$ cat run_16.cif   # mmCIF, C-alpha atoms
data_structure
loop_
_atom_site.label_atom_id
_atom_site.label_comp_id
_atom_site.auth_asym_id
_atom_site.auth_seq_id
_atom_site.Cartn_x
_atom_site.Cartn_y
_atom_site.Cartn_z
CA MET O 1 24.80 16.90 -0.99
CA SER O 2 22.36 19.82 -1.02
CA LEU O 3 18.83 19.61 -2.46
CA ASP O 4 19.81 21.81 -5.43
CA GLU O 5 22.80 19.58 -6.22
CA LYS O 6 20.54 16.50 -6.19
CA LEU O 7 18.12 18.25 -8.52
CA GLN O 8 20.87 19.26 -10.95
CA ARG O 9 22.07 15.65 -11.10
CA ILE O 10 18.57 14.37 -11.80
CA VAL O 11 17.99 16.88 -14.62
CA ALA O 12 21.40 16.02 -16.10
CA ARG O 13 20.61 12.29 -15.93
CA HIS O 14 17.21 12.89 -17.58
CA GLU O 15 18.92 14.71 -20.47
CA GLU O 16 21.55 11.97 -20.73
CA LEU O 17 18.86 9.30 -20.96
CA SER O 18 17.08 11.27 -23.70
CA ALA O 19 20.32 11.38 -25.73
CA LEU O 20 20.99 7.66 -25.20
CA MET O 21 17.46 6.73 -26.26
CA SER O 22 17.77 8.80 -29.45
CA GLU O 23 20.76 6.63 -30.43
CA GLY O 24 18.56 3.54 -30.54
CA GLY O 25 20.29 0.36 -29.38
CA ASP O 26 18.96 -3.12 -28.64
CA GLY O 27 15.42 -3.63 -27.40
CA ASP O 28 16.22 -4.59 -23.79
CA THR O 29 18.54 -1.61 -23.32
CA PHE O 30 15.98 0.79 -24.79
CA VAL O 31 13.23 -0.56 -22.51
CA LYS O 32 15.48 -0.15 -19.47
CA LEU O 33 16.46 3.43 -20.44
CA SER O 34 12.85 4.30 -21.24
CA LYS O 35 11.65 3.03 -17.85
CA GLU O 36 14.23 5.14 -15.98
CA TYR O 37 13.43 8.16 -18.16
CA SER O 38 9.68 7.90 -17.47
CA GLU O 39 10.33 7.51 -13.72
CA LEU O 40 12.36 10.76 -13.74
CA ASP O 41 9.76 12.65 -15.82
CA PRO O 42 7.55 13.84 -12.92
CA VAL O 43 10.62 14.81 -10.86
CA VAL O 44 12.11 16.86 -13.70
CA ALA O 45 8.75 18.52 -14.41
CA ALA O 46 8.47 19.54 -10.75
CA VAL O 47 12.10 20.75 -10.70
CA ARG O 48 11.53 22.96 -13.75
CA MET O 49 8.40 24.39 -12.18
CA LEU O 50 10.38 25.08 -9.01
CA HIS O 51 13.11 26.88 -10.96
CA GLU O 52 10.50 28.96 -12.80
CA LEU O 53 8.81 29.94 -9.53
CA ARG O 54 12.13 30.87 -7.91
CA SER O 55 13.07 32.95 -10.96
CA GLU O 56 9.69 34.66 -10.85
CA ALA O 57 10.20 35.40 -7.14
CA ALA O 58 13.61 36.98 -7.86
CA ASP O 59 12.15 39.20 -10.58
CA LEU O 60 9.29 40.30 -8.32
CA GLU O 61 11.73 41.06 -5.47
CA PHE O 62 13.69 43.32 -7.82
CA MET O 63 10.50 45.08 -8.99
CA ALA O 64 9.27 45.52 -5.42
CA ALA O 65 12.59 47.00 -4.28
CA ASP O 66 13.58 49.20 -7.23
CA GLY O 67 10.36 50.12 -9.02
CA ASP O 68 9.67 53.86 -9.41
CA ASP O 69 5.91 53.48 -9.67
CA PRO O 70 4.35 52.99 -6.18
CA GLU O 71 1.36 51.18 -7.72
CA MET O 72 3.66 48.76 -9.59
CA ARG O 73 5.70 48.18 -6.43
CA SER O 74 2.55 47.39 -4.50
CA LEU O 75 1.39 44.97 -7.20
CA ALA O 76 4.83 43.29 -7.28
CA GLU O 77 4.81 42.92 -3.49
CA GLU O 78 1.35 41.32 -3.62
CA GLU O 79 2.39 38.87 -6.35
CA LEU O 80 5.65 38.14 -4.49
CA ARG O 81 3.74 37.14 -1.37
CA ALA O 82 1.60 34.76 -3.45
CA VAL O 83 4.67 33.18 -5.07
CA GLN O 84 6.48 32.86 -1.73
CA ALA O 85 3.43 31.12 -0.28
CA ARG O 86 3.56 28.51 -3.09
CA LEU O 87 7.29 27.83 -2.88
CA PRO O 88 7.40 25.73 0.35
CA ASN O 89 4.66 23.38 -0.92
CA LEU O 90 6.42 22.92 -4.26
CA GLU O 91 9.77 22.33 -2.56
CA GLN O 92 8.18 19.67 -0.34
CA GLU O 93 6.53 18.08 -3.39
CA VAL O 94 9.96 17.84 -5.06
CA GLN O 95 11.46 16.32 -1.90
CA ILE O 96 8.68 13.72 -1.75
CA LEU O 97 9.38 12.80 -5.38
CA LEU O 98 13.03 12.30 -4.41
CA LEU O 99 12.21 9.83 -1.63
CA PRO O 100 13.39 6.26 -2.32
CA ARG O 101 10.63 4.36 -4.06
CA ASP O 102 9.23 1.13 -2.71
CA GLU O 103 9.56 -1.20 -5.70
CA ALA O 104 6.52 -3.12 -4.50
CA ASP O 105 4.21 -0.07 -4.67
CA GLU O 106 3.21 -0.74 -8.26
CA LYS O 107 2.46 -4.41 -7.61
CA ASN O 108 -0.87 -6.09 -7.19
CA ALA O 109 -1.66 -7.37 -3.70
CA ILE O 110 -2.76 -10.46 -1.88
CA LEU O 111 -5.17 -9.71 0.97
CA GLU O 112 -5.49 -12.05 3.93
CA VAL O 113 -8.17 -11.57 6.60
CA ARG O 114 -8.41 -13.82 9.67
CA ALA O 115 -10.79 -13.84 12.63
CA GLY O 116 -9.00 -13.19 15.91
CA THR O 117 -10.25 -13.12 19.48
CA GLY O 118 -14.01 -12.98 19.91
CA GLY O 119 -15.48 -16.21 18.59
CA ASP O 120 -18.44 -15.87 16.21
CA GLU O 121 -18.40 -12.07 16.43
CA ALA O 122 -14.74 -11.98 15.33
CA ALA O 123 -15.63 -14.15 12.33
CA LEU O 124 -18.52 -11.82 11.42
CA PHE O 125 -16.17 -8.83 11.70
CA ALA O 126 -13.63 -10.57 9.45
CA ALA O 127 -16.39 -10.95 6.85
CA ASP O 128 -17.22 -7.24 7.23
CA LEU O 129 -13.57 -6.30 6.63
CA LEU O 130 -13.35 -8.48 3.53
CA ARG O 131 -16.49 -6.80 2.12
CA MET O 132 -15.06 -3.37 3.03
CA TYR O 133 -11.91 -3.99 1.00
CA GLN O 134 -13.91 -5.49 -1.86
CA ARG O 135 -16.10 -2.37 -2.03
CA TYR O 136 -13.03 -0.14 -1.95
CA ALA O 137 -11.48 -2.19 -4.76
CA ASP O 138 -14.69 -1.87 -6.78
CA ALA O 139 -14.65 1.92 -6.30
CA GLN O 140 -11.05 2.01 -7.55
CA ARG O 141 -11.98 -0.23 -10.50
CA TRP O 142 -9.56 -2.86 -9.33
CA LYS O 143 -10.20 -6.56 -9.87
CA PHE O 144 -10.99 -8.39 -6.62
CA GLU O 145 -10.83 -12.18 -6.77
CA ILE O 146 -11.35 -14.54 -3.84
CA ILE O 147 -8.63 -17.20 -3.58
CA GLU O 148 -9.74 -19.04 -0.46
CA THR O 149 -12.43 -18.76 2.21
CA ASN O 150 -13.09 -20.71 5.38
CA GLU O 151 -16.60 -19.81 6.43
CA THR O 152 -18.56 -20.25 9.64
CA GLY O 153 -22.17 -21.31 9.68
CA ILE O 154 -23.61 -17.85 10.43
CA GLY O 155 -22.04 -15.80 7.64
CA GLY O 156 -18.69 -15.22 9.29
CA LEU O 157 -15.19 -16.02 8.10
CA LYS O 158 -12.48 -17.86 9.97
CA GLU O 159 -10.10 -16.72 7.23
CA ALA O 160 -10.12 -15.53 3.64
CA MET O 161 -7.60 -14.67 0.93
CA ALA O 162 -8.09 -12.57 -2.19
CA THR O 163 -6.00 -11.10 -4.99
CA ILE O 164 -6.47 -7.42 -5.82
CA THR O 165 -5.29 -6.36 -9.27
CA GLY O 166 -4.99 -2.81 -10.57
CA LYS O 167 -2.92 0.36 -10.56
CA ASN O 168 -0.83 1.02 -7.42
CA VAL O 169 -2.82 -1.48 -5.35
CA PHE O 170 -0.06 -2.26 -2.87
CA ALA O 171 0.90 1.42 -2.55
CA ARG O 172 -2.62 2.24 -1.38
CA LEU O 173 -3.24 -0.77 0.87
CA LYS O 174 0.17 -1.60 2.36
CA PHE O 175 -0.54 0.13 5.69
CA GLU O 176 -3.65 -2.00 6.35
CA SER O 177 -1.68 -4.92 7.81
CA GLY O 178 -2.25 -5.45 11.52
CA VAL O 179 -4.97 -6.07 14.09
CA HIS O 180 -8.34 -4.40 13.46
CA ARG O 181 -10.54 -4.22 16.55
CA VAL O 182 -14.33 -3.84 16.65
CA GLN O 183 -16.56 -2.66 19.50
CA ARG O 184 -20.27 -3.34 19.03
CA VAL O 185 -23.26 -5.34 20.22
CA PRO O 186 -23.02 -8.70 18.42
CA VAL O 187 -26.06 -10.04 16.61
CA THR O 188 -25.63 -13.14 18.77
CA GLU O 189 -25.85 -11.07 22.00
CA SER O 190 -29.33 -11.05 23.55
CA GLY O 191 -28.47 -8.79 26.48
CA GLY O 192 -27.38 -5.76 24.44
CA ARG O 193 -23.84 -5.73 25.84
CA ILE O 194 -20.99 -4.27 23.82
CA HIS O 195 -18.27 -6.79 22.97
CA THR O 196 -14.73 -6.22 21.74
CA SER O 197 -13.48 -8.55 19.03
CA ALA O 198 -10.61 -8.52 16.56
CA ALA O 199 -9.47 -9.67 13.14
CA THR O 200 -6.04 -9.60 11.57
CA VAL O 201 -5.30 -8.26 8.10
CA ALA O 202 -2.20 -8.86 5.99
CA VAL O 203 -1.58 -7.13 2.66
CA LEU O 204 1.26 -8.70 0.67
CA PRO O 205 2.72 -7.52 -2.63
CA GLU O 206 2.10 -10.10 -5.31
CA ALA O 207 5.41 -11.63 -6.40
CA GLY O 208 6.24 -13.03 -9.80
CA GLU O 209 8.75 -15.71 -10.70
CA VAL O 210 11.32 -12.96 -11.32
CA ASP O 211 10.89 -11.68 -7.75
CA VAL O 212 11.02 -15.07 -6.02
CA GLU O 213 12.72 -18.20 -7.29
CA LEU O 214 10.59 -21.00 -5.88
CA ASP O 215 12.08 -24.47 -6.30
CA GLU O 216 9.38 -27.14 -6.13
CA ARG O 217 11.94 -29.46 -4.53
CA ASP O 218 11.61 -27.18 -1.48
CA LEU O 219 7.86 -27.81 -1.33
CA ARG O 220 5.80 -30.59 0.17
CA ILE O 221 2.54 -30.80 -1.76
CA ASP O 222 -0.44 -32.48 -0.09
CA THR O 223 -3.84 -32.98 -1.73
CA TYR O 224 -7.15 -33.67 0.00
CA ARG O 225 -10.88 -33.28 -0.48
CA SER O 226 -12.14 -29.72 -0.10
CA GLN O 227 -14.56 -29.06 2.73
CA GLY O 228 -17.38 -26.58 3.23
CA ALA O 229 -18.76 -25.01 6.39
CA GLY O 230 -19.24 -27.62 9.11
CA GLY O 231 -16.60 -29.89 7.62
CA GLN O 232 -18.72 -31.55 4.94
CA HIS O 233 -16.95 -32.55 1.72
CA VAL O 234 -18.00 -30.33 -1.18
CA ASN O 235 -16.66 -32.61 -3.92
CA THR O 236 -15.49 -36.20 -4.30
CA THR O 237 -11.99 -35.62 -5.69
CA ASP O 238 -8.79 -34.59 -3.95
CA SER O 239 -8.81 -31.11 -5.49
CA ALA O 240 -7.69 -29.12 -2.42
CA VAL O 241 -3.96 -28.39 -2.22
CA ARG O 242 -1.72 -27.64 0.74
CA LEU O 243 1.84 -26.38 0.13
CA THR O 244 4.53 -26.45 2.80
CA HIS O 245 7.76 -24.56 2.12
CA LEU O 246 10.26 -26.82 3.87
CA PRO O 247 13.10 -24.26 4.39
CA THR O 248 10.82 -21.76 6.17
CA GLY O 249 7.86 -23.83 7.35
CA LEU O 250 5.36 -21.52 5.60
CA VAL O 251 2.07 -23.27 4.78
CA VAL O 252 -0.51 -22.25 2.17
CA ALA O 253 -3.74 -24.12 1.43
CA CYS O 254 -6.28 -23.53 -1.32
CA GLN O 255 -9.54 -25.37 -1.98
CA ASP O 256 -11.94 -22.91 -3.62
CA GLU O 257 -11.46 -24.21 -7.16
CA LYS O 258 -12.76 -27.59 -8.34
CA SER O 259 -9.52 -28.13 -10.24
CA GLN O 260 -6.46 -29.32 -8.33
CA HIS O 261 -4.28 -27.59 -10.94
CA LYS O 262 -6.00 -24.22 -10.35
CA ASN O 263 -5.81 -24.60 -6.57
CA LYS O 264 -2.09 -25.35 -6.81
CA ALA O 265 -1.51 -22.31 -9.06
CA LYS O 266 -3.31 -20.04 -6.58
CA ALA O 267 -1.45 -21.53 -3.62
CA MET O 268 1.87 -20.98 -5.44
CA LYS O 269 0.94 -17.34 -6.00
CA VAL O 270 0.27 -16.85 -2.29
CA MET O 271 3.45 -18.73 -1.31
CA ARG O 272 5.55 -16.49 -3.56
CA ALA O 273 3.93 -13.40 -2.04
CA ARG O 274 4.66 -14.57 1.51
CA LEU O 275 8.29 -15.42 0.72
CA TYR O 276 8.72 -12.09 -1.06
CA GLU O 277 7.27 -10.23 1.93
CA GLU O 278 9.57 -12.14 4.32
CA GLU O 279 12.58 -11.02 2.27
CA ARG O 280 11.29 -7.41 2.08
CA ARG O 281 10.83 -7.37 5.85
CA ARG O 282 14.33 -8.77 6.41
CA LEU O 283 15.90 -6.11 4.19
CA ALA O 284 13.81 -3.35 5.80
CA ASP O 285 14.91 -4.49 9.26
CA GLU O 286 18.54 -4.42 8.15
CA ARG O 287 18.19 -0.88 6.77
CA ALA O 288 16.18 0.55 9.63
CA ALA O 289 17.72 -1.50 12.48
CA ASP O 290 15.19 -1.30 15.30
CA ARG O 291 13.46 1.87 14.09
CA LYS O 292 9.87 1.74 12.93
CA SER O 293 8.06 4.30 10.81
CA GLN O 294 5.31 6.31 12.48
CA VAL O 295 2.61 4.34 10.70
CA GLY O 296 3.89 1.08 12.13
CA SER O 297 5.83 -1.92 11.04
CA GLY O 298 3.09 -3.72 9.13
CA ASP O 299 3.29 -6.52 11.68
CA ARG O 300 -0.07 -8.26 11.72
CA SER O 301 0.18 -8.60 15.53
CA GLU O 302 0.15 -4.81 15.93
CA ARG O 303 -3.20 -3.21 16.83
CA ILE O 304 -3.73 -0.48 14.26
CA ARG O 305 -7.39 0.51 14.20
CA THR O 306 -10.62 0.40 16.23
CA TYR O 307 -14.13 0.44 14.75
CA ASN O 308 -16.51 1.68 17.46
CA PHE O 309 -20.07 1.10 16.29
CA PRO O 310 -22.00 2.56 19.27
CA GLN O 311 -20.22 5.90 18.76
CA GLY O 312 -20.03 5.67 14.97
CA ARG O 313 -16.31 6.35 14.85
CA VAL O 314 -13.15 4.70 13.57
CA THR O 315 -9.74 5.46 15.08
CA ASP O 316 -6.35 4.72 13.56
CA HIS O 317 -4.02 4.44 16.54
CA ARG O 318 -0.77 4.89 14.58
CA ILE O 319 -1.55 8.46 13.56
CA ASN O 320 -4.17 9.32 16.22
CA LEU O 321 -6.81 9.97 13.56
CA THR O 322 -10.49 9.58 14.45
CA LEU O 323 -13.22 9.82 11.83
CA HIS O 324 -16.89 10.03 12.78
CA LYS O 325 -18.14 8.25 9.67
CA LEU O 326 -17.83 4.57 10.51
CA ASP O 327 -20.86 3.71 8.38
CA ARG O 328 -19.12 5.07 5.27
CA VAL O 329 -15.74 3.53 6.13
CA ILE O 330 -17.20 0.05 6.56
CA GLU O 331 -18.87 0.52 3.17
CA GLY O 332 -15.44 0.99 1.59
CA ASP O 333 -14.87 4.76 1.85
CA LEU O 334 -11.21 4.40 2.86
CA ASP O 335 -9.51 7.24 0.98
CA GLU O 336 -9.34 9.69 3.89
CA LEU O 337 -7.70 7.06 6.12
CA LEU O 338 -5.30 5.84 3.43
CA ASP O 339 -4.32 9.37 2.36
CA ALA O 340 -3.54 10.31 5.98
CA LEU O 341 -1.40 7.20 6.47
CA LEU O 342 0.53 7.88 3.26
CA ALA O 343 1.09 11.53 4.23
CA GLU O 344 2.36 10.50 7.68
CA ASP O 345 4.74 7.98 6.12
CA GLN O 346 6.08 10.61 3.71
CA ALA O 347 6.53 13.13 6.52
CA ALA O 348 8.43 10.58 8.62
CA ARG O 349 10.73 9.68 5.74
CA LEU O 350 11.34 13.33 4.88
CA ALA O 351 12.29 14.01 8.50
CA GLU O 352 14.86 11.19 8.34
CA ILE O 353 16.73 12.68 5.37
CA GLN O 354 16.65 16.35 6.44
#

$ encode --input "run_16.cif" --output "structure tokens"
Amino acid sequence: MSLDEKLQRIVARHEELSALMSEGGDGDTFVKLSKEYSELDPVVAAVRMLHELRSEAADLEFMAADGDDPEMRSLAEEELRAVQARLPNLEQEVQILLLPRDEADEKNAILEVRAGTGGDEAALFAADLLRMYQRYADAQRWKFEIIETNETGIGGLKEAMATITGKNVFARLKFESGVHRVQRVPVTESGGRIHTSAATVAVLPEAGEVDVELDERDLRIDTYRSQGAGGQHVNTTDSAVRLTHLPTGLVVACQDEKSQHKNKAKAMKVMRARLYEEERRRLADERAADRKSQVGSGDRSERIRTYNFPQGRVTDHRINLTLHKLDRVIEGDLDELLDALLAEDQAARLAEIQ
């Protein structure tokens, strides 16, 4: 099916939905039709703009070829060149709007950061990454809430989990999963030598009960006293909760809240997200076989980025992008990186369907 045939079908479907909605109907049906109609709105708007621009180009071509007035012909040729320069960008914009949507893009996210190789320095870097994402979330006016932290004694993090709530959170952050590597002189290094350490990041779409049916009979629930840095007990009740999903072996623990009920609710949220992501990954593997997109698989064992402090640069290895503004990136200025990753993903998917 050609691009124009796809566009005609979309416009026809948009008009059909408008007619169906005007007839009323039961509430659930109307909500479903309204959702599909609103999703097609930006596509139809871009299609109409494309048709208008093509029509304008045809009129200008006629004026440039058949006009009697040399001055008018010259003006038409100039305007035609401007219109023809806009057409490819608009056609690509329409094609991007036609790409299959990731249903998880609109979801909130669960962020997991874990120290990797590098001892204390890796834990300090993990804490830096958590702060980086928190600052980015603040700049986006998203809500950032810590679920669980396991701290070291010198301000580092062995691991941490947080929920990020807001508009298109997962769409913006989904390419952050993987190994983040840092090169710098650790504060614990007296000889001034540069060390290489790593931390892993996982960004999971938050799943609701509709997305994942979680039967508590499939869970083993253990309770214990929460512990602070160094292993000391921070309260005298068994408020910490550890969930084990018996069919898959997935384990989630939460101890940040004083209430066992709240810790269990947070752990259930994380468990749903991990099960949802496992299913998404399985379906993606089935669709794509062994192919991976150019921005990577999202596997947290894949090295994706290096933060080089002595040279003040950050490099994303998936798209060979190096930015010489590490100080701003670590402070949460991530838009240039995230925009480039999204553009590369769109380009790769467009290439697959052309």

$ resolve_selection --input "run_16.cif" --expression "the PyMOL selection byres ((chain O and resi 121-128) around 10)" --output "PyMOL selection string"
chain O and resi 112-120+129-134+149-152+154-160+180-189+195-201+307+330-331

$ write_last_selection --input "run_16.cif" --atoms "C-alpha atoms" --output "PDB file, in the frame of the given file"
ATOM      1  CA  GLU O 112      -5.490 -12.050   3.930  1.00  0.00           C
ATOM      2  CA  VAL O 113      -8.170 -11.570   6.600  1.00  0.00           C
ATOM      3  CA  ARG O 114      -8.410 -13.820   9.670  1.00  0.00           C
ATOM      4  CA  ALA O 115     -10.790 -13.840  12.630  1.00  0.00           C
ATOM      5  CA  GLY O 116      -9.000 -13.190  15.910  1.00  0.00           C
ATOM      6  CA  THR O 117     -10.250 -13.120  19.480  1.00  0.00           C
ATOM      7  CA  GLY O 118     -14.010 -12.980  19.910  1.00  0.00           C
ATOM      8  CA  GLY O 119     -15.480 -16.210  18.590  1.00  0.00           C
ATOM      9  CA  ASP O 120     -18.440 -15.870  16.210  1.00  0.00           C
ATOM     10  CA  LEU O 129     -13.570  -6.300   6.630  1.00  0.00           C
ATOM     11  CA  LEU O 130     -13.350  -8.480   3.530  1.00  0.00           C
ATOM     12  CA  ARG O 131     -16.490  -6.800   2.120  1.00  0.00           C
ATOM     13  CA  MET O 132     -15.060  -3.370   3.030  1.00  0.00           C
ATOM     14  CA  TYR O 133     -11.910  -3.990   1.000  1.00  0.00           C
ATOM     15  CA  GLN O 134     -13.910  -5.490  -1.860  1.00  0.00           C
ATOM     16  CA  THR O 149     -12.430 -18.760   2.210  1.00  0.00           C
ATOM     17  CA  ASN O 150     -13.090 -20.710   5.380  1.00  0.00           C
ATOM     18  CA  GLU O 151     -16.600 -19.810   6.430  1.00  0.00           C
ATOM     19  CA  THR O 152     -18.560 -20.250   9.640  1.00  0.00           C
ATOM     20  CA  ILE O 154     -23.610 -17.850  10.430  1.00  0.00           C
ATOM     21  CA  GLY O 155     -22.040 -15.800   7.640  1.00  0.00           C
ATOM     22  CA  GLY O 156     -18.690 -15.220   9.290  1.00  0.00           C
ATOM     23  CA  LEU O 157     -15.190 -16.020   8.100  1.00  0.00           C
ATOM     24  CA  LYS O 158     -12.480 -17.860   9.970  1.00  0.00           C
ATOM     25  CA  GLU O 159     -10.100 -16.720   7.230  1.00  0.00           C
ATOM     26  CA  ALA O 160     -10.120 -15.530   3.640  1.00  0.00           C
ATOM     27  CA  HIS O 180      -8.340  -4.400  13.460  1.00  0.00           C
ATOM     28  CA  ARG O 181     -10.540  -4.220  16.550  1.00  0.00           C
ATOM     29  CA  VAL O 182     -14.330  -3.840  16.650  1.00  0.00           C
ATOM     30  CA  GLN O 183     -16.560  -2.660  19.500  1.00  0.00           C
ATOM     31  CA  ARG O 184     -20.270  -3.340  19.030  1.00  0.00           C
ATOM     32  CA  VAL O 185     -23.260  -5.340  20.220  1.00  0.00           C
ATOM     33  CA  PRO O 186     -23.020  -8.700  18.420  1.00  0.00           C
ATOM     34  CA  VAL O 187     -26.060 -10.040  16.610  1.00  0.00           C
ATOM     35  CA  THR O 188     -25.630 -13.140  18.770  1.00  0.00           C
ATOM     36  CA  GLU O 189     -25.850 -11.070  22.000  1.00  0.00           C
ATOM     37  CA  HIS O 195     -18.270  -6.790  22.970  1.00  0.00           C
ATOM     38  CA  THR O 196     -14.730  -6.220  21.740  1.00  0.00           C
ATOM     39  CA  SER O 197     -13.480  -8.550  19.030  1.00  0.00           C
ATOM     40  CA  ALA O 198     -10.610  -8.520  16.560  1.00  0.00           C
ATOM     41  CA  ALA O 199      -9.470  -9.670  13.140  1.00  0.00           C
ATOM     42  CA  THR O 200      -6.040  -9.600  11.570  1.00  0.00           C
ATOM     43  CA  VAL O 201      -5.300  -8.260   8.100  1.00  0.00           C
ATOM     44  CA  TYR O 307     -14.130   0.440  14.750  1.00  0.00           C
ATOM     45  CA  ILE O 330     -17.200   0.050   6.560  1.00  0.00           C
ATOM     46  CA  GLU O 331     -18.870   0.520   3.170  1.00  0.00           C
TER      47      GLU O 331
END

$ resolve_selection --input "run_16.cif" --expression "the PyMOL selection byres ((chain O and resi 276) around 10)" --output "list in words"
Ala104, Leu204, Pro205, Glu206, Ala207, Gly208, Asp211, Val212, Glu213, Val270, Met271, Arg272, Ala273, Arg274, Leu275, Glu277, Glu278, Glu279, Arg280, Arg281 and Arg282 of chain O

$ write_last_selection --input "run_16.cif" --atoms "C-alpha atoms" --output "compact mmCIF listing (two decimals), in the frame of the given file"
# COMPACT_ATOMS: atom_id res chain seq x y z
CA ALA O 104 6.52 -3.12 -4.50
CA LEU O 204 1.26 -8.70 0.67
CA PRO O 205 2.72 -7.52 -2.63
CA GLU O 206 2.10 -10.10 -5.31
CA ALA O 207 5.41 -11.63 -6.40
CA GLY O 208 6.24 -13.03 -9.80
CA ASP O 211 10.89 -11.68 -7.75
CA VAL O 212 11.02 -15.07 -6.02
CA GLU O 213 12.72 -18.20 -7.29
CA VAL O 270 0.27 -16.85 -2.29
CA MET O 271 3.45 -18.73 -1.31
CA ARG O 272 5.55 -16.49 -3.56
CA ALA O 273 3.93 -13.40 -2.04
CA ARG O 274 4.66 -14.57 1.51
CA LEU O 275 8.29 -15.42 0.72
CA GLU O 277 7.27 -10.23 1.93
CA GLU O 278 9.57 -12.14 4.32
CA GLU O 279 12.58 -11.02 2.27
CA ARG O 280 11.29 -7.41 2.08
CA ARG O 281 10.83 -7.37 5.85
CA ARG O 282 14.33 -8.77 6.41

$ atom_distance --input "run_16.cif" --atom1 "atom CA of Ile304 of chain O" --atom2 "atom CA of Leu283 of chain O"
22.8 Å

$ residues_around --input "run_16.cif" --residues "segment 27-41 of chain O" --least-positions-apart "3" --cutoff "7 Å" --atoms "all atoms listed in the file" --output "PyMOL selection string"
chain O and resi 14+17+21+24+44-45

$ write_last_selection --input "run_16.cif" --atoms "C-alpha atoms" --output "CSV table (one decimal), in the frame of the given file"
chain,number,residue,atom,x,y,z
O,14,HIS,CA,17.2,12.9,-17.6
O,17,LEU,CA,18.9,9.3,-21.0
O,21,MET,CA,17.5,6.7,-26.3
O,24,GLY,CA,18.6,3.5,-30.5
O,44,VAL,CA,12.1,16.9,-13.7
O,45,ALA,CA,8.8,18.5,-14.4

$ resolve_selection --input "run_16.cif" --expression "the PyMOL selection byres ((chain O and resi 170) around 10)" --output "list in words"
Asp102, Ala104, Asp105, Glu106, Lys107, Asn108, Ala109, Ile110, Leu111, Ile164, Thr165, Gly166, Lys167, Asn168, Val169, Ala171, Arg172, Leu173, Lys174, Phe175, Glu176, Val203, Leu204, Pro205 and Glu206 of chain O

$ closest_residue --input "run_16.cif" --among "O:Val11, O:Ala348, O:Ala64, O:Val314" --to "Asp327 of chain O" --atoms "all atoms listed in the file"
O:Val314

$ atom_distance --input "run_16.cif" --atom1 "atom CA of Leu338 of chain O" --atom2 "atom CA of Val47 of chain O"
26.9 Å

$ residues_around --input "run_16.cif" --residues "Glu93 of chain O" --least-positions-apart "6" --cutoff "10 Å" --atoms "all atoms listed in the file" --output "ChimeraX atom specification"
/O:43,46-47,50,87

$ closest_residue --input "run_16.cif" --among "O:Ala139, O:Leu219, O:Ile146, O:Ala265" --to "Leu243 of chain O" --atoms "only C-alpha atoms"
O:Leu219

$ atom_distance --input "run_16.cif" --atom1 "atom CA of Arg328 of chain O" --atom2 "atom CA of Thr163 of chain O"
23.2 Å

$ residues_around --input "run_16.cif" --residues "Asn320 of chain O" --least-positions-apart "2" --cutoff "12 Å" --atoms "all atoms listed in the file" --output "PyMOL selection string"
chain O and resi 294-295+304-306+314-318+322-323+337+340-341+344

$ closest_residue --input "run_16.cif" --among "O:Leu321, O:Ile147, O:Met63, O:Ala351" --to "Ala76 of chain O" --atoms "only C-alpha atoms"
O:Met63

$ residues_near_point --input "run_16.cif" --point "(10.0, 37.5, -10.2)" --cutoff "12 Å" --atoms "all atoms listed in the file" --output "NGL selection string"
:O and (51-65 or 75-84)

$ residues_around --input "run_16.cif" --residues "Pro100 of chain O" --least-positions-apart "3" --cutoff "12 Å" --atoms "all atoms listed in the file" --output "MDAnalysis selection string"
chainID O and resid 39 95:97 103:105 346 349:350 352:353
